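Below you'll find the structure, written out as structure tokens, and then a few comments.
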Amino acid sequence: MNRRLNWIVSLAIASLILVACNAGTAAPPAPPVVQPTSPVAAPSPVPAEATATKPPVIATSQVPATPTKAAPVKSALVCPVPTPVPANAPLAARVNGQGIPLDLFNRQAAQAQAAMIQNGLDPKSAAGQESLKSLKLQVLDQLINDVVIAQQAEYQTIKVTEDDLNARLAQMIEDAGSVDKLNEYLNKNQMTLGDLCTQMRANVLSEIMFNRITAPFPTAVEQVHLRQILVSTPATAQTLRDRARKGEDFAALAKQHSLDETSKANGGDLGWVPKGVLDPRLDAVIFDLPVGQVSDVITTNFGYHIVQVLEKDKARPLPPELLQDTRQRAFLEWLKAVRDSMKIERFVQP
């Protein structure tokens, strides 16, 4: 799954309800995908399985958990109290001894599949079949993540009360227009009230843990403002480097020769860039390059680059979308570390 897919597709069921009902409940953060002109350091993928048997409490800061927002509305409809999974219930997976019921997986997979078909997927095509298989894997993976996060929240004494869930449910009903309209939507999408409340609880815990894990993350970091020229051969890059070093205008050379369609019209200007956004081979050069100097040729999977640093700032505020993207990576790394410490068993092969 790509970064946006980690939260949006894997939480398709909750997202559909929030959109359809214009609900005001909070969901785990889903940052926009940053589109830099050079390769982004991808977040560590969430593992398919882990091998250890005892999950440690992964250390976080002492920042208090973000309080959930209980809406000041009431409703006769309340979330059912969760019940333990029966000992003989068929399981889709088990996380450190805690089972994920097969019927829950089947319902969520069907709900997500219906949503994709509604959005235009042809389930009979080869591409559609592959997409549905991938979707089922993502649904199972998200159910596992929900249990992992819930277990960590419990270890850190983070709880979502029934009152809070019911307040959120009441707000959702108010936004939908009535209980009947919410029930109509649930029936249409093969969901039970329990499914909805289970997903709401998971979303709230994910939101709280996301905020707790990423709260210490700095909002201002070292950044450089730079230009680049990207070409396809080392000989061309060396020629342009020499011309720029001899005093030819770097921006004019970029407009004429760069293959980077995103930045060439602006003279190769990439704007302000923090560490970890561009390819590591570019990062290794640009943060040590003096202002105004033209770099040697840098080779990446994109081609051959020469760069010129225009400005430097040791503590420049991150743009909101990039800050959220960086926090998302940090949270995925935390989640990977937790999952690596747990025994995760899968009993279905979508």
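Chain labels run A, B, ... following the order of the structure tokens; each chain numbers its residues from 1, and ligands are numbered from 1 in the order shown.
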*Would you kindly return, as a list of chain:residue names, each protein, DNA or RNA residue with an atom no farther than 7 Å from any atom of A:Val291, considering only C-alpha atoms and excluding same-chain residues fewer than 3 positions away?*
A:Val309, A:Leu310, A:Glu311
Could you dump the residues just selected with C-alpha atoms as a PDB file, in the first residue's frame?
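Output below, filename selection00.pdb:
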ATOM      1  CA  VAL A 309      21.763  25.917  -3.353  1.00  0.00           C
ATOM      2  CA  LEU A 310      20.162  29.371  -3.198  1.00  0.00           C
ATOM      3  CA  GLU A 311      19.472  29.718   0.540  1.00  0.00           C
TER       4      GLU A 311
END
*Excluding stretch 101-105 of chain A and residues on its chain fewer than 5 positions from it, collect all residues at most 6 Å away from it, counting only C-alpha atoms, and give them as a ChimeraX atom specification.*
/A:90-92
*Would you mind writing down, as a list in words, each residue of stretch 104-279 of chain A that DSSP on the backbone assigns to strand (DSSP E)?*
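Restricting stretch 104-279 of chain A to strand (DSSP E) produces Ala220, Val221, Glu222, Gln223, Val224, His225, Leu226, Arg227, Gln228, Ile229, Leu230, Val231, Asp269, Leu270, Gly271, Trp272, Val273 and Pro274 of chain A.
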Residue subset to file, keeping N, CA and C atoms, as a tab-separated table (two decimals), in the first residue's frame:
chain	number	residue	atom	x	y	z
A	220	ALA	N	9.63	22.81	12.78
A	220	ALA	CA	10.60	23.58	12.02
A	220	ALA	C	11.90	22.79	11.96
A	221	VAL	N	12.46	22.62	10.77
A	221	VAL	CA	13.67	21.81	10.59
A	221	VAL	C	14.61	22.51	9.60
A	222	GLU	N	15.83	22.00	9.52
A	222	GLU	CA	16.79	22.52	8.55
A	222	GLU	C	16.29	22.28	7.13
A	223	GLN	N	16.36	23.33	6.31
A	223	GLN	CA	15.92	23.22	4.92
A	223	GLN	C	16.85	24.00	4.01
A	224	VAL	N	16.88	23.59	2.74
A	224	VAL	CA	17.64	24.34	1.74
A	224	VAL	C	16.71	24.71	0.59
A	225	HIS	N	16.97	25.86	0.01
A	225	HIS	CA	16.25	26.31	-1.19
A	225	HIS	C	17.20	26.10	-2.36
A	226	LEU	N	16.79	25.31	-3.35
A	226	LEU	CA	17.73	24.93	-4.40
A	226	LEU	C	17.09	24.86	-5.77
A	227	ARG	N	17.97	24.87	-6.77
A	227	ARG	CA	17.60	24.60	-8.15
A	227	ARG	C	18.28	23.30	-8.59
A	228	GLN	N	17.69	22.66	-9.60
A	228	GLN	CA	18.36	21.50	-10.17
A	228	GLN	C	18.20	21.48	-11.68
A	229	ILE	N	19.15	20.79	-12.32
A	229	ILE	CA	19.03	20.44	-13.73
A	229	ILE	C	19.13	18.92	-13.80
A	230	LEU	N	18.16	18.29	-14.42
A	230	LEU	CA	18.12	16.83	-14.57
A	230	LEU	C	18.26	16.48	-16.04
A	231	VAL	N	19.24	15.63	-16.34
A	231	VAL	CA	19.46	15.19	-17.72
A	231	VAL	C	19.65	13.69	-17.75
A	269	ASP	N	13.85	25.57	-10.15
A	269	ASP	CA	13.62	25.89	-8.73
A	269	ASP	C	12.76	24.82	-8.07
A	270	LEU	N	13.30	24.15	-7.05
A	270	LEU	CA	12.56	23.14	-6.29
A	270	LEU	C	11.95	23.69	-5.02
A	271	GLY	N	12.20	24.96	-4.73
A	271	GLY	CA	11.70	25.53	-3.49
A	271	GLY	C	12.51	25.08	-2.29
A	272	TRP	N	11.90	25.23	-1.12
A	272	TRP	CA	12.56	24.83	0.13
A	272	TRP	C	12.34	23.33	0.36
A	273	VAL	N	13.41	22.63	0.70
A	273	VAL	CA	13.35	21.18	0.85
A	273	VAL	C	14.02	20.76	2.15
A	274	PRO	N	13.32	20.02	3.03
A	274	PRO	CA	13.96	19.48	4.24
A	274	PRO	C	14.61	18.14	3.94
Mind running stretch 71-180 of chain A against stretch 195-203 of chain A at 7 Å and telling me each contacting residue's nearest atom pair with the distance in Å (one decimal), counting only C-alpha atoms, chain and number ascending, as a Markdown table?
| residue | atom | partner | partner_atom | distance |
| --- | --- | --- | --- | --- |
| A:Cys79 | CA | A:Cys197 | CA | 5.9 |
| A:Asp146 | CA | A:Ala202 | CA | 5.8 |
| A:Val160 | CA | A:Arg201 | CA | 6.8 |
| A:Leu165 | CA | A:Arg201 | CA | 7.0 |
*Compare A:Ala167, A:Leu332, A:Ile144, A:Val179 by their minimum atom-to-atom distance to A:Ala93, counting only C-alpha atoms, and give me the closest one.*
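Using only C-alpha atoms, the shortest distance to A:Ala93 belongs to A:Ile144.
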Contacts of A:Ala109 within 7 Å, only C-alpha atoms, excl. fewer than 3 positions in-chain, as a PDB file with C-alpha atoms, in the first residue's frame:
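In the end it all went to part.pdb:
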ATOM      1  CA  PHE A 105     -13.270  -9.805   7.944  1.00  0.00           C
ATOM      2  CA  ASN A 106     -15.810 -11.144   5.440  1.00  0.00           C
ATOM      3  CA  ALA A 112     -14.995  -2.400   0.727  1.00  0.00           C
ATOM      4  CA  GLN A 113     -15.577  -4.436  -2.438  1.00  0.00           C
ATOM      5  CA  LYS A 136      -8.959  -7.974   0.735  1.00  0.00           C
ATOM      6  CA  VAL A 139      -8.749  -5.040   4.777  1.00  0.00           C
TER       7      VAL A 139
END
*Could you tell me how far atom CA of A:Arg339 lies from atom CA of A:Phe210, in Å and to one decimal?*
15.4 Å
*Write down as an MDAnalysis selection string the residues belonging to stretch 122-209 of chain A that are assigned alpha helix (DSSP H) by DSSP computed on the backbone.*
chainID A and resid 126:155 162:176 179:188 193:209
Store the residues picked out above, limited to C-alpha atoms, as a PDB file, in the first residue's frame.
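Result file is part-v1.pdb:
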ATOM      1  CA  ALA A 126      -8.422  -9.221 -14.856  1.00  0.00           C
ATOM      2  CA  ALA A 127      -7.466  -5.843 -13.402  1.00  0.00           C
ATOM      3  CA  GLY A 128     -10.613  -5.856 -11.285  1.00  0.00           C
ATOM      4  CA  GLN A 129      -9.873  -9.316  -9.907  1.00  0.00           C
ATOM      5  CA  GLU A 130      -6.352  -8.244  -8.988  1.00  0.00           C
ATOM      6  CA  SER A 131      -7.645  -5.072  -7.352  1.00  0.00           C
ATOM      7  CA  LEU A 132     -10.189  -7.006  -5.287  1.00  0.00           C
ATOM      8  CA  LYS A 133      -7.534  -9.458  -4.127  1.00  0.00           C
ATOM      9  CA  SER A 134      -5.301  -6.575  -3.100  1.00  0.00           C
ATOM     10  CA  LEU A 135      -8.217  -4.883  -1.367  1.00  0.00           C
ATOM     11  CA  LYS A 136      -8.959  -7.974   0.735  1.00  0.00           C
ATOM     12  CA  LEU A 137      -5.319  -8.121   1.810  1.00  0.00           C
ATOM     13  CA  GLN A 138      -5.545  -4.472   2.810  1.00  0.00           C
ATOM     14  CA  VAL A 139      -8.749  -5.040   4.777  1.00  0.00           C
ATOM     15  CA  LEU A 140      -7.136  -7.884   6.712  1.00  0.00           C
ATOM     16  CA  ASP A 141      -4.003  -5.841   7.288  1.00  0.00           C
ATOM     17  CA  GLN A 142      -6.048  -2.926   8.626  1.00  0.00           C
ATOM     18  CA  LEU A 143      -7.972  -5.198  10.981  1.00  0.00           C
ATOM     19  CA  ILE A 144      -4.622  -6.423  12.299  1.00  0.00           C
ATOM     20  CA  ASN A 145      -3.411  -2.839  12.672  1.00  0.00           C
ATOM     21  CA  ASP A 146      -6.583  -1.968  14.594  1.00  0.00           C
ATOM     22  CA  VAL A 147      -5.869  -4.723  17.119  1.00  0.00           C
ATOM     23  CA  VAL A 148      -2.192  -3.780  17.393  1.00  0.00           C
ATOM     24  CA  ILE A 149      -3.069  -0.132  18.069  1.00  0.00           C
ATOM     25  CA  ALA A 150      -5.828  -1.076  20.514  1.00  0.00           C
ATOM     26  CA  GLN A 151      -3.438  -3.298  22.476  1.00  0.00           C
ATOM     27  CA  GLN A 152      -0.849  -0.523  22.668  1.00  0.00           C
ATOM     28  CA  ALA A 153      -3.520   1.962  23.719  1.00  0.00           C
ATOM     29  CA  GLU A 154      -4.602  -0.401  26.496  1.00  0.00           C
ATOM     30  CA  TYR A 155      -1.007  -0.734  27.722  1.00  0.00           C
ATOM     31  CA  GLU A 162     -19.077   4.194  25.554  1.00  0.00           C
ATOM     32  CA  ASP A 163     -20.360   7.715  26.266  1.00  0.00           C
ATOM     33  CA  ASP A 164     -17.873   9.165  23.805  1.00  0.00           C
ATOM     34  CA  LEU A 165     -18.781   6.635  21.106  1.00  0.00           C
ATOM     35  CA  ASN A 166     -22.479   7.220  21.639  1.00  0.00           C
ATOM     36  CA  ALA A 167     -21.979  10.983  21.428  1.00  0.00           C
ATOM     37  CA  ARG A 168     -20.192  10.521  18.124  1.00  0.00           C
ATOM     38  CA  LEU A 169     -22.939   8.211  16.925  1.00  0.00           C
ATOM     39  CA  ALA A 170     -25.565  10.770  17.913  1.00  0.00           C
ATOM     40  CA  GLN A 171     -23.712  13.458  15.982  1.00  0.00           C
ATOM     41  CA  MET A 172     -23.521  11.159  12.973  1.00  0.00           C
ATOM     42  CA  ILE A 173     -27.283  10.568  13.149  1.00  0.00           C
ATOM     43  CA  GLU A 174     -27.902  14.289  13.401  1.00  0.00           C
ATOM     44  CA  ASP A 175     -25.723  14.930  10.360  1.00  0.00           C
ATOM     45  CA  ALA A 176     -27.428  12.121   8.428  1.00  0.00           C
ATOM     46  CA  VAL A 179     -31.844   7.248  12.570  1.00  0.00           C
ATOM     47  CA  ASP A 180     -33.780   5.837   9.629  1.00  0.00           C
ATOM     48  CA  LYS A 181     -31.461   7.481   7.120  1.00  0.00           C
ATOM     49  CA  LEU A 182     -28.383   6.147   8.882  1.00  0.00           C
ATOM     50  CA  ASN A 183     -29.916   2.673   9.054  1.00  0.00           C
ATOM     51  CA  GLU A 184     -30.802   2.891   5.378  1.00  0.00           C
ATOM     52  CA  TYR A 185     -27.195   3.624   4.543  1.00  0.00           C
ATOM     53  CA  LEU A 186     -25.901   0.826   6.784  1.00  0.00           C
ATOM     54  CA  ASN A 187     -28.263  -1.678   5.170  1.00  0.00           C
ATOM     55  CA  LYS A 188     -27.314  -0.553   1.691  1.00  0.00           C
ATOM     56  CA  LEU A 193     -24.465  -0.856  13.853  1.00  0.00           C
ATOM     57  CA  GLY A 194     -21.833  -2.923  15.637  1.00  0.00           C
ATOM     58  CA  ASP A 195     -19.570  -2.711  12.560  1.00  0.00           C
ATOM     59  CA  LEU A 196     -19.919   1.039  12.530  1.00  0.00           C
ATOM     60  CA  CYS A 197     -19.179   1.389  16.233  1.00  0.00           C
ATOM     61  CA  THR A 198     -16.207  -0.995  16.005  1.00  0.00           C
ATOM     62  CA  GLN A 199     -14.738   1.099  13.219  1.00  0.00           C
ATOM     63  CA  MET A 200     -15.417   4.344  15.081  1.00  0.00           C
ATOM     64  CA  ARG A 201     -13.636   2.987  18.157  1.00  0.00           C
ATOM     65  CA  ALA A 202     -10.647   1.904  16.045  1.00  0.00           C
ATOM     66  CA  ASN A 203     -10.535   5.289  14.332  1.00  0.00           C
ATOM     67  CA  VAL A 204     -10.578   7.174  17.638  1.00  0.00           C
ATOM     68  CA  LEU A 205      -7.777   5.029  19.081  1.00  0.00           C
ATOM     69  CA  SER A 206      -5.735   5.455  15.900  1.00  0.00           C
ATOM     70  CA  GLU A 207      -6.211   9.203  16.056  1.00  0.00           C
ATOM     71  CA  ILE A 208      -5.144   9.368  19.693  1.00  0.00           C
ATOM     72  CA  MET A 209      -2.103   7.153  19.165  1.00  0.00           C
TER      73      MET A 209
END
